[in-house]
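A.B. asks: One structure follows; several queries about it will come next.
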There are 2 protein chains.
Amino acid sequence: MSLKISQSTVILPSCPGIIAYASVGGKKEGEGPLARYFDLLNDDTSFGEKSWEKAESQLQKDCSSKVLEKAGLSPGDIDIMFAGDLLNQCIGSAYGSREMDIPFIGLYGACSTMAESLALASVFVDNAVANRALALTSSHFCSAERQFRFPLEYGGQRTPTAQWTATASGSVIVGQSDKAPFVRAVCFGKIKDMGVKDVNNMGAAMAPAACDTIMAYLTDTNTTPDDYDMIYTGDLGEVGSSLLIELLQRENIDISKKHNDCGLMLYDREQQDVHAGGSGCGCSASVLCSYILRRIEDGTMKNVLFLATGAMMSPTSLQQGESIPGIAHLVHISNTKG
Amino acid sequence: MSLKISQSTVILPSCPGIIAYASVGGKKEGEGPLARYFDLLNDDTSFGEKSWEKAESQLQKDCSSKVLEKAGLSPGDIDIMFAGDLLNQCIGSAYGSREMDIPFIGLYGACSTMAESLALASVFVDNAVANRALALTSSHFCSAERQFRFPLEYGGQRTPTAQWTATASGSVIVGQSDKAPFVRAVCFGKIKDMGVKDVNNMGAAMAPAACDTIMAYLTDTNTTPDDYDMIYTGDLGEVGSSLLIELLQRENIDISKKHNDCGLMLYDREQQDVHAGGSGCGCSASVLCSYILRRIEDGTMKNVLFLATGAMMSPTSLQQGESIPGIAHLVHISNTKG
């Protein structure tokens, strides 16, 4: 049974296991530095479908099928799934999961969805509300560009602070297990809006939320960055990462030697022309479910804080002059149960 | 600690209480048969804002402020909030909650969001993951018409099977309490897609999901419709309600004398020109948080099944020839703990 120690932080004493994880990427992800850690890479950006939206649903379906296969389970073995994506009305998830026949909780957390879904799945398993819970998200460069910026055919210029939406999906099955990785605790984030209005600089809009959640978790657990091998955010990109480090330094917390950002890890920024880094729900999801969890499982890293960050705006809210609210949820993942 | 009795159904032995509930409506809701049960009615459809989207955020903010006021609590007393709405990227909820400073879980369940958020809040409280959890959703006729159908200025004709999106919000605070209403159990629904493609007949698209969830819950708990005072769906409207009754009759389950639909209750269909009934996240949310919970609290009804139903499509998915996936989550609300 979970142990709530503050408004935001919940310790999971049973340390639910991540019994399987899977990642799927597209062509560009297959050319990046983490390519060898992916379960599936598909050079066909359409994933065999006739629209970018259908492609994203297929991408998600490929990822949930893969994680079930790796766990040796069928959909009937899963009690509940938590899924969401960036598309209007979250159709990537709804259409990607409609044949699964698993109780479905639709989420919208923008790019924070992987941490949001993993945190909820872990809480459900820790309290035996589910024996096994699936967490899943995705993004697709082409569907996101069309919806949030310009159709690809327009050939719009990108600003230096712009990030590149990953064509990728990540999924995890959480259940009681004796095998690492384990989820030790979660910290649910609050919406923070510091007035940033530049849609091409969402890292800056999300950094204050990441700062707030990290500070809450370290304070609640009486720990410091030294207690963790790494603190991974996703996806602040280059601009947001620098800002996060600076914001925490003002509070006398130095994460500079312990921090990396999924948006800076998925691509080779010198070779791959992704400007400030990767983004999209699928970026942090696929980095978690390819590189990070593997390194925790094999013991290279013992304790990791994973924070996915979301920018909770829409094109309509920005056109109406609104600023960008950010959010960040945290999951403490460990190689040991205690 | 919750007692999971099937893939979908979770019994909540502590019977978390609904310690406060609030409903806010617009002009049309104030002219309907449930007007006297609302906490706030605002004749100004703009809610004092400059856009319909900002109006919806303000509507939600009014509702969460009201429920806190009724509970005599401040945001710091709430551990977590579950919220969502119909707008692209759920901006009704993100902007409506950004000043609340409460850990925030964004949901997307289309019109099922009230049951989804209430079910999650109840599970969190039953397991002491939260002492108090807030569930919240909204819809706005004008923001929904612009986004899903036509801008109001276009003056489009509506088909007889079309439903009317409510301008309304409902919110609930769940916490341990000795006072009714209590949440006794929840049943998380699966996505069901029977191939309906008519966006003006979403009731028919959602009825199979409602049928599936009701059957699962009755089977899991070994109960019949006779064990409940009422089974409320929201929002199937007239067409979907008839279909639901027919689908269940084929399984030898007769809910015809126990069933009503929030979409048929919020408006006077003869006087108010709403065609097949009300719809939108705010419809079932406001009917729950005005009429239904009041009647459970005062003992007029002892046991109620509340099922909010969602149509998980988007304008883009329909334009691409997709059918409409439906979902329905169930919450068993009671006047007693056992």
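Residues in the structure tokens are named by chain (A, B, ... in the order shown) and by number from 1 within that chain; ligands are numbered from 1 in the order shown.
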Compile the contact shell of Leu107 (chain B) as a PDB file with N, CA and C atoms, in the first residue's frame: residues with an atom at most 8 Å away, counting only C-alpha atoms, same-chain residues fewer than 2 positions apart removed.
C.D. replies:
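Saved result, selection.pdb, follows:
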```
ATOM      1  N   ILE A 105      -7.573   3.968 -19.814  1.00  0.00           N
ATOM      2  CA  ILE A 105      -7.629   5.313 -19.224  1.00  0.00           C
ATOM      3  C   ILE A 105      -6.879   6.254 -20.151  1.00  0.00           C
ATOM      4  N   GLY A 106      -7.621   7.142 -20.800  1.00  0.00           N
ATOM      5  CA  GLY A 106      -7.016   8.115 -21.706  1.00  0.00           C
ATOM      6  C   GLY A 106      -6.448   9.284 -20.926  1.00  0.00           C
ATOM      7  N   LEU A 107      -5.223   9.658 -21.277  1.00  0.00           N
ATOM      8  CA  LEU A 107      -4.538  10.751 -20.590  1.00  0.00           C
ATOM      9  C   LEU A 107      -4.234  11.869 -21.556  1.00  0.00           C
ATOM     10  N   TYR A 108      -4.175  13.102 -21.037  1.00  0.00           N
ATOM     11  CA  TYR A 108      -3.526  14.148 -21.798  1.00  0.00           C
ATOM     12  C   TYR A 108      -2.540  14.883 -20.896  1.00  0.00           C
ATOM     13  N   GLY A 109      -1.275  14.683 -21.155  1.00  0.00           N
ATOM     14  CA  GLY A 109      -0.246  15.360 -20.373  1.00  0.00           C
ATOM     15  C   GLY A 109       0.790  15.983 -21.285  1.00  0.00           C
TER      16      GLY A 109
ATOM     17  N   PHE B  82      -7.842  15.470 -10.990  1.00  0.00           N
ATOM     18  CA  PHE B  82      -7.979  14.767 -12.260  1.00  0.00           C
ATOM     19  C   PHE B  82      -8.945  15.593 -13.109  1.00  0.00           C
ATOM     20  N   ALA B  83      -8.489  16.071 -14.253  1.00  0.00           N
ATOM     21  CA  ALA B  83      -9.350  16.949 -15.047  1.00  0.00           C
ATOM     22  C   ALA B  83      -9.104  16.765 -16.531  1.00  0.00           C
ATOM     23  N   GLY B  84     -10.132  17.020 -17.304  1.00  0.00           N
ATOM     24  CA  GLY B  84     -10.007  16.963 -18.751  1.00  0.00           C
ATOM     25  C   GLY B  84     -11.214  17.606 -19.398  1.00  0.00           C
ATOM     26  N   ASP B  85     -11.141  17.804 -20.701  1.00  0.00           N
ATOM     27  CA  ASP B  85     -12.251  18.399 -21.437  1.00  0.00           C
ATOM     28  C   ASP B  85     -12.137  18.011 -22.896  1.00  0.00           C
ATOM     29  N   ILE B 105      -3.400  15.759 -12.864  1.00  0.00           N
ATOM     30  CA  ILE B 105      -3.388  14.649 -13.823  1.00  0.00           C
ATOM     31  C   ILE B 105      -4.377  14.989 -14.932  1.00  0.00           C
ATOM     32  N   GLY B 109     -10.908  11.633 -21.956  1.00  0.00           N
ATOM     33  CA  GLY B 109     -11.873  10.539 -22.076  1.00  0.00           C
ATOM     34  C   GLY B 109     -13.098  10.979 -22.838  1.00  0.00           C
ATOM     35  N   THR B 113     -15.295  11.729 -19.306  1.00  0.00           N
ATOM     36  CA  THR B 113     -14.292  12.255 -18.368  1.00  0.00           C
ATOM     37  C   THR B 113     -14.783  12.351 -16.925  1.00  0.00           C
ATOM     38  N   SER B 117     -12.576  10.601 -14.202  1.00  0.00           N
ATOM     39  CA  SER B 117     -11.894  11.378 -13.159  1.00  0.00           C
ATOM     40  C   SER B 117     -12.396  10.981 -11.772  1.00  0.00           C
TER      41      SER B 117
END
```
A.B. asks: At a cut-off of 7 Å, which residues of chain B touch chain A? Count only C-alpha atoms and give the answer as a PyMOL selection string.
C.D. replies: chain B and resi 1-4+7-8+10+79+88-89+91+94+98+101-104+106-109+127+129+188-193+312-314+325
A.B. asks: Return the single residue from B:Ser122, B:Thr219, B:Ser334, B:Thr159 that is closest to Ile173 (chain B), with distances computed using only C-alpha atoms.
C.D. replies: B:Ser122
A.B. asks: Using DSSP assignments from the backbone, pull out every residue in region 236-266 of chain A that falls under alpha helix (DSSP H) and give it to me as a list in words.
C.D. replies: Gly237, Glu238, Val239, Gly240, Ser241, Ser242, Leu243, Leu244, Ile245, Glu246, Leu247, Leu248, Gln249, Cys262, Gly263, Leu264 and Met265 of chain A
A.B. asks: Please produce a file of the residues just selected, as a tab-separated table (two decimals), in the first residue's frame, where the atoms kept are N, CA and C atoms.
C.D. replies:
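Saved file selection-v4.tsv follows:
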```
chain	number	residue	atom	x	y	z
A	237	GLY	N	15.14	20.04	-24.14
A	237	GLY	CA	16.06	20.49	-25.18
A	237	GLY	C	17.21	21.27	-24.56
A	238	GLU	N	17.98	21.92	-25.43
A	238	GLU	CA	19.17	22.61	-24.96
A	238	GLU	C	18.84	23.85	-24.13
A	239	VAL	N	17.90	24.64	-24.63
A	239	VAL	CA	17.57	25.90	-23.96
A	239	VAL	C	16.93	25.63	-22.61
A	240	GLY	N	15.95	24.72	-22.60
A	240	GLY	CA	15.25	24.42	-21.35
A	240	GLY	C	16.16	23.75	-20.33
A	241	SER	N	17.08	22.92	-20.79
A	241	SER	CA	17.99	22.24	-19.87
A	241	SER	C	18.89	23.23	-19.16
A	242	SER	N	19.45	24.18	-19.91
A	242	SER	CA	20.32	25.20	-19.29
A	242	SER	C	19.52	26.00	-18.26
A	243	LEU	N	18.29	26.32	-18.64
A	243	LEU	CA	17.46	27.10	-17.74
A	243	LEU	C	17.14	26.32	-16.47
A	244	LEU	N	16.84	25.03	-16.61
A	244	LEU	CA	16.54	24.20	-15.44
A	244	LEU	C	17.72	24.17	-14.47
A	245	ILE	N	18.92	23.98	-15.03
A	245	ILE	CA	20.12	23.92	-14.17
A	245	ILE	C	20.31	25.25	-13.43
A	246	GLU	N	20.04	26.34	-14.16
A	246	GLU	CA	20.19	27.67	-13.56
A	246	GLU	C	19.15	27.90	-12.46
A	247	LEU	N	17.90	27.51	-12.75
A	247	LEU	CA	16.83	27.70	-11.76
A	247	LEU	C	17.13	26.93	-10.48
A	248	LEU	N	17.64	25.70	-10.63
A	248	LEU	CA	17.94	24.90	-9.44
A	248	LEU	C	19.17	25.43	-8.70
A	249	GLN	N	20.14	25.98	-9.46
A	249	GLN	CA	21.33	26.55	-8.82
A	249	GLN	C	20.94	27.69	-7.88
A	262	CYS	N	16.28	13.84	-22.40
A	262	CYS	CA	15.98	12.88	-23.47
A	262	CYS	C	16.00	13.55	-24.84
A	263	GLY	N	15.60	14.81	-24.89
A	263	GLY	CA	15.61	15.54	-26.16
A	263	GLY	C	17.01	15.77	-26.70
A	264	LEU	N	18.02	15.71	-25.82
A	264	LEU	CA	19.42	15.88	-26.25
A	264	LEU	C	20.10	14.54	-26.52
A	265	MET	N	19.42	13.45	-26.16
A	265	MET	CA	20.03	12.12	-26.27
A	265	MET	C	19.60	11.36	-27.53
```
A.B. asks: Find the residue from B:Glu270, B:Asp226, B:Asp39, B:Glu69 that sits nearest to Gly25 (chain B); use only C-alpha atoms when measuring.
C.D. replies: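 When distances to Gly25 (chain B) are compared using only C-alpha atoms, the smallest one comes from B:Asp39.
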A.B. asks: Let's see if you can do this: from backbone DSSP, list all strand (DSSP E or B) residues in region 74-118 of chain B, as a list in words.
C.D. replies: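 Selecting the strand (DSSP E or B) positions of region 74-118 of chain B gives Ile80, Met81, Phe82, Ala83, Gly84, Asp85, Phe104, Ile105, Gly106 and Leu107 of chain B.
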A.B. asks: Using only C-alpha atoms, determine which residues lie at most 10 Å from Ser23 (chain B), disregarding the query and same-chain residues fewer than 2 positions distant; provide the list as a list in words.
C.D. replies: Tyr21, Gly25, Tyr37, Phe38, Asp39, Leu40, Leu41, Leu59, Gln60, Asp62, Cys63, Ser64, Lys66, Val67, Leu136, Ser138, Ala168, Ser169, Gly170, Ser171, Val172, Gly282, Ala285, Ser286, Val287, Leu288, Cys289, Ser290 and Tyr291 of chain B
A.B. asks: Nearest to Gln163 (chain B): which of B:Arg36, B:Arg294, B:Lys337, B:His275 is it, counting only C-alpha atoms?
C.D. replies: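 Ranking B:Arg36, B:Arg294, B:Lys337, B:His275 by distance to Gln163 (chain B), first place goes to B:His275.
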A.B. asks: Would you please work out which residue, of B:Arg269, B:Lys61, B:Lys179, B:Arg250, is nearest to Pro160 (chain B) when using only C-alpha atoms?
C.D. replies: B:Arg269
A.B. asks: Which residue, A:Ile18, A:Ile231, A:Ala115, A:Leu73, has the smallest gap to Cys211 (chain A) when you use only C-alpha atoms?
C.D. replies: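 The answer is A:Ile231, which sits nearest to Cys211 (chain A).
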